[in-house]
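Everything below belongs to input.cif, which stores mmCIF, C-alpha atoms.
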```cif
data_final
loop_
_atom_site.label_atom_id
_atom_site.label_comp_id
_atom_site.auth_asym_id
_atom_site.auth_seq_id
_atom_site.Cartn_x
_atom_site.Cartn_y
_atom_site.Cartn_z
CA MET X 1 23.53 43.99 -9.55
CA SER X 2 23.84 40.28 -10.11
CA GLU X 3 22.37 38.65 -13.14
CA GLY X 4 20.23 35.51 -13.42
CA CYS X 5 21.01 32.45 -15.46
CA CYS X 6 19.89 34.06 -18.68
CA GLY X 7 21.28 37.50 -18.04
CA THR X 8 18.27 39.24 -16.54
CA GLU X 9 18.04 40.78 -13.11
CA TYR X 10 14.33 39.81 -12.98
CA GLU X 11 15.11 36.08 -12.96
CA THR X 12 17.46 36.38 -9.99
CA GLU X 13 14.96 38.49 -8.08
CA ASN X 14 12.10 36.04 -8.74
CA ALA X 15 14.22 33.02 -7.79
CA ASN X 16 14.82 34.59 -4.40
CA ASN X 17 11.10 35.22 -3.94
CA TYR X 18 9.65 31.82 -4.81
CA GLY X 19 12.56 29.52 -4.00
CA PRO X 20 11.34 28.78 -0.44
CA TRP X 21 7.85 28.06 -1.76
CA VAL X 22 9.19 25.58 -4.28
CA TRP X 23 11.05 23.81 -1.48
CA SER X 24 7.89 23.82 0.66
CA ALA X 25 5.88 22.37 -2.22
CA TYR X 26 8.48 19.65 -2.72
CA ARG X 27 8.38 18.74 0.98
CA ALA X 28 4.56 18.76 1.01
CA HIS X 29 4.51 16.46 -2.01
CA ASN X 30 6.89 14.03 -0.28
CA GLU X 31 4.87 14.13 2.96
CA LEU X 32 1.65 13.41 1.06
CA LEU X 33 3.28 10.53 -0.79
CA ARG X 34 4.62 9.17 2.51
CA GLU X 35 1.15 9.31 4.06
CA LYS X 36 -0.38 7.51 1.07
CA LEU X 37 2.31 4.82 1.24
CA LYS X 38 1.74 4.40 4.97
CA ALA X 39 -2.01 4.07 4.40
CA GLN X 40 -1.46 1.46 1.69
CA PHE X 41 0.93 -0.54 3.88
CA GLU X 42 -1.54 -0.34 6.77
CA LYS X 43 -4.34 -1.58 4.52
CA GLU X 44 -2.38 -4.46 3.02
CA GLU X 45 0.03 -5.46 5.77
CA GLY X 46 -1.42 -3.95 8.94
CA PRO X 47 -2.44 -7.20 10.65
CA TRP X 48 0.90 -8.84 9.83
CA LEU X 49 2.83 -5.79 11.03
CA ASP X 50 0.79 -5.82 14.25
CA GLN X 51 1.92 -9.39 14.89
CA VAL X 52 5.55 -8.50 14.21
CA ALA X 53 5.35 -5.46 16.50
CA THR X 54 3.84 -7.55 19.30
CA LEU X 55 6.63 -10.12 19.04
CA LEU X 56 9.33 -7.45 18.96
CA VAL X 57 7.90 -5.87 22.12
CA GLU X 58 7.88 -9.31 23.76
CA LEU X 59 11.51 -9.81 22.73
CA VAL X 60 12.58 -6.48 24.22
CA ASN X 61 10.67 -7.23 27.43
CA ALA X 62 12.26 -10.70 27.64
CA ARG X 63 15.71 -9.14 27.31
CA TRP X 64 14.79 -6.66 30.02
CA ASP X 65 13.91 -9.53 32.36
CA GLY X 66 17.24 -11.20 31.61
CA GLY X 67 18.63 -14.41 33.01
CA ARG X 68 18.19 -17.97 31.76
CA LYS X 69 14.48 -17.40 31.43
CA TYR X 70 15.29 -14.90 28.70
CA GLU X 71 17.22 -17.37 26.56
CA GLU X 72 14.29 -19.78 26.25
CA LYS X 73 11.77 -16.99 25.75
CA GLU X 74 13.98 -15.39 23.10
CA ARG X 75 14.24 -18.69 21.23
CA VAL X 76 10.45 -19.07 21.17
CA ILE X 77 9.88 -15.48 20.07
CA ARG X 78 12.52 -15.73 17.34
CA GLN X 79 10.84 -18.89 16.02
CA LYS X 80 7.55 -17.01 15.83
CA LEU X 81 9.24 -14.11 14.05
CA ASP X 82 10.92 -16.49 11.60
CA LYS X 83 7.54 -18.02 10.85
CA LEU X 84 5.97 -14.58 10.21
CA PHE X 85 8.84 -13.47 7.97
CA SER X 86 8.68 -16.66 5.93
CA GLU X 87 4.98 -16.18 5.12
#
```
Since I need it in another form, could you write the structure as structure tokens?
Amino acid sequence: MSEGCCGTEYETENANNYGPWVWSAYRAHNELLREKLKAQFEKEEGPWLDQVATLLVELVNARWDGGRKYEEKERVIRQKLDKLFSE
């Protein structure tokens, strides 16, 4: 039989039993922290992020349209984005 870190078979056996639960607890802790961070960002920066998201969608749609019309529209959208990022 294999021995644990301190020379006991019991430690190796227990490590195999609770190891997955420790990993699950670690992942749950990280997920909870991520959710709390997302909530805090939404509370503090939600309206600003909404504006950025709207402009990015407009930029993608302008690129989709293509042509010369896109170049002018992209310039205007990028100016708006620059303004938001400088605030």
| task | Using all atoms listed in the file, pick whichever of X:Val76, X:Asp82, X:Pro20, X:Leu37 has the shortest atom-to-atom distance to Ala62 (chain X). | result |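 Under the stated criterion, the closest residue is X:Val76.
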| remark: Pairwise distance, CA of Leu81 (chain X) with CA of Leu56 (chain X), equals 8.3 Å
| task | Might you spell out which residues the PyMOL selection byres ((chain X and resi 59) around 10) would select in the displayed file, as a PyMOL selection string? | result | chain X and resi 53-58+60-65+70+73-78+81
| query | X:Pro47, X:Trp21, X:His29, X:Ala39: which is nearest Leu84 (chain X), counting all atoms listed in the file? | reply | X:Pro47
Return as JSON the centre and edge lengths, in Å with one decimal, of the box along x, y and z that encloses every atom of region 63-74 of chain X in the file, padded by 3 Å per side.
```
{"center_x": 15.2, "center_y": -13.2, "center_z": 28.1, "size_x": 12.9, "size_y": 19.1, "size_z": 15.9}
```
| query | Can you tell me how far CA of Glu87 (chain X) sits from CA of Glu44 (chain X), in Å to one decimal? | reply | 14.0 Å
